[in-house]
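One structure is given here, and the rest of the page talks about it.
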Amino acid sequence: MSSTTSILNVLVRPVVTEKAITKKESEATLCFEVTPAANKIQIKKAVEKMFKVKVNVVRTLNNEGKLRRRGRFSGYRSDWKKAYVTLKPGQKMPEFAEL
């Protein structure tokens with residue numbers, strides 16, 4: 001993932017949940033769903049390039065897919081990776097609606 005197009009493909013979508021919005025407002029932390037193969041350095045570069053901000057810390061976690069049932073049929077949701085990106089103090093918080 002060394003080219004510019006692949007750096008921008010690291011971020012899948014912003015996670016907009018109650019917890020993510022609270023972290024955004026109180027701790028200057030953004031939450032994204034990222035590609036499972038992405039590492040912290042690639043995530044940091046992608047956020048800095050896309051939103052034109054300076055990133056302080058990136059924390060990642062892997063979510064395992066849950067067992068879901070539809071009547072007698074069962075299956076698993078897909079595994080996915082989440083990244084919490086903390087911005088440096090004094091950085092303007094980007095709004096996702098502006099994209």
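Chain labels follow the order of the structure tokens: the first chain is A, the next B, and so on; residue numbering restarts at 1 in every chain, and ligands are counted from 1 in their shown order.
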Polymer residues at most 12 Å from Glu25 in chain A, only C-alpha atoms, same-chain spacing of 6 or more positions, as a list in words: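 Residues meeting the cut-off are Glu18, Lys19, Cys31, Thr86, Leu87, Lys92, Met93, Pro94 and Glu95 of chain A.
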Which neighbours of Lys54 in chain A fall inside 9 Å, counting only C-alpha atoms, when residues of the same chain fewer than 3 positions from it are skipped, and could you give them as a list in words?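 Residues meeting the cut-off are Lys44, Val47, Glu48, Phe51, Leu87, Lys88, Pro89 and Gln91 of chain A.
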Looking only at helix (DSSP H, G or I) from DSSP on the backbone, list the matching residues of range 5-57 of chain A as a ChimeraX atom specification. /A:5-8,18-27,40-51
Restricting the calculation to only C-alpha atoms: of A:Ser26, A:Gly65, A:Val16, A:Arg59, which residue gets closest to Ala38 in chain A?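 Looking at the shortest contact to Ala38 in chain A, the residue is A:Arg59.
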Tell me, in Å to one decimal, how far CA of Ser78 in chain A is from CA of Met50 in chain A.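 Interatomic distance here is 26.2 Å.
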Rounded to one decimal in Å, what is the spacing between CA of Gly90 in chain A and CA of Lys45 in chain A?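 We find that CA of Gly90 in chain A and CA of Lys45 in chain A lie 18.6 Å from each other.
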As a PyMOL selection string, please: every residue in chain A that a backbone DSSP assignment puts in strand (DSSP E). chain A and resi 11-14+29-34+55-63+67-70+73-76+80-87
For those residues, write C-alpha atoms to a file as a PDB file, in the first residue's frame.
ATOM      1  CA  LEU A  11     -10.372   4.240   5.520  1.00  0.00           C
ATOM      2  CA  VAL A  12     -13.585   2.365   4.754  1.00  0.00           C
ATOM      3  CA  ARG A  13     -16.090   4.645   6.534  1.00  0.00           C
ATOM      4  CA  PRO A  14     -16.460   6.727   9.682  1.00  0.00           C
ATOM      5  CA  THR A  29     -10.840  11.355  18.796  1.00  0.00           C
ATOM      6  CA  LEU A  30     -12.195  10.162  15.447  1.00  0.00           C
ATOM      7  CA  CYS A  31     -13.417   6.612  14.875  1.00  0.00           C
ATOM      8  CA  PHE A  32     -13.139   4.803  11.531  1.00  0.00           C
ATOM      9  CA  GLU A  33     -13.741   1.379  10.073  1.00  0.00           C
ATOM     10  CA  VAL A  34     -10.498   0.510   8.270  1.00  0.00           C
ATOM     11  CA  VAL A  55      -2.581  12.946  14.250  1.00  0.00           C
ATOM     12  CA  ASN A  56      -1.224  12.298  17.727  1.00  0.00           C
ATOM     13  CA  VAL A  57      -2.099   8.626  18.437  1.00  0.00           C
ATOM     14  CA  VAL A  58      -3.779   5.764  16.547  1.00  0.00           C
ATOM     15  CA  ARG A  59      -5.335   2.837  18.432  1.00  0.00           C
ATOM     16  CA  THR A  60      -6.797  -0.156  16.596  1.00  0.00           C
ATOM     17  CA  LEU A  61      -8.955  -3.112  17.501  1.00  0.00           C
ATOM     18  CA  ASN A  62     -10.208  -6.133  15.598  1.00  0.00           C
ATOM     19  CA  ASN A  63     -13.907  -6.954  15.954  1.00  0.00           C
ATOM     20  CA  LEU A  67     -23.194 -15.368  15.188  1.00  0.00           C
ATOM     21  CA  ARG A  68     -26.513 -14.296  13.624  1.00  0.00           C
ATOM     22  CA  ARG A  69     -29.579 -16.472  13.091  1.00  0.00           C
ATOM     23  CA  ARG A  70     -32.521 -16.213  10.715  1.00  0.00           C
ATOM     24  CA  PHE A  73     -30.295 -20.776   9.406  1.00  0.00           C
ATOM     25  CA  SER A  74     -27.234 -19.377  11.110  1.00  0.00           C
ATOM     26  CA  GLY A  75     -24.071 -17.648   9.977  1.00  0.00           C
ATOM     27  CA  TYR A  76     -21.445 -15.177  11.055  1.00  0.00           C
ATOM     28  CA  TRP A  80     -13.760  -5.913  10.751  1.00  0.00           C
ATOM     29  CA  LYS A  81     -11.158  -3.526  12.110  1.00  0.00           C
ATOM     30  CA  LYS A  82     -11.794  -0.244  13.913  1.00  0.00           C
ATOM     31  CA  ALA A  83      -9.341   2.629  14.494  1.00  0.00           C
ATOM     32  CA  TYR A  84      -9.527   5.399  17.083  1.00  0.00           C
ATOM     33  CA  VAL A  85      -7.497   8.382  15.849  1.00  0.00           C
ATOM     34  CA  THR A  86      -6.616  11.091  18.402  1.00  0.00           C
ATOM     35  CA  LEU A  87      -5.716  14.490  16.986  1.00  0.00           C
TER      36      LEU A  87
END
Which is closer to Lys49 in chain A than all the others in A:Val15, A:Ala37, A:Ile7, A:Ala20, using only C-alpha atoms?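 Comparing A:Val15, A:Ala37, A:Ile7, A:Ala20 against Lys49 in chain A, the winner is A:Ile7.
Between CA of Leu8 in chain A and CA of Gln42 in chain A there is a distance of 9.2 Å.
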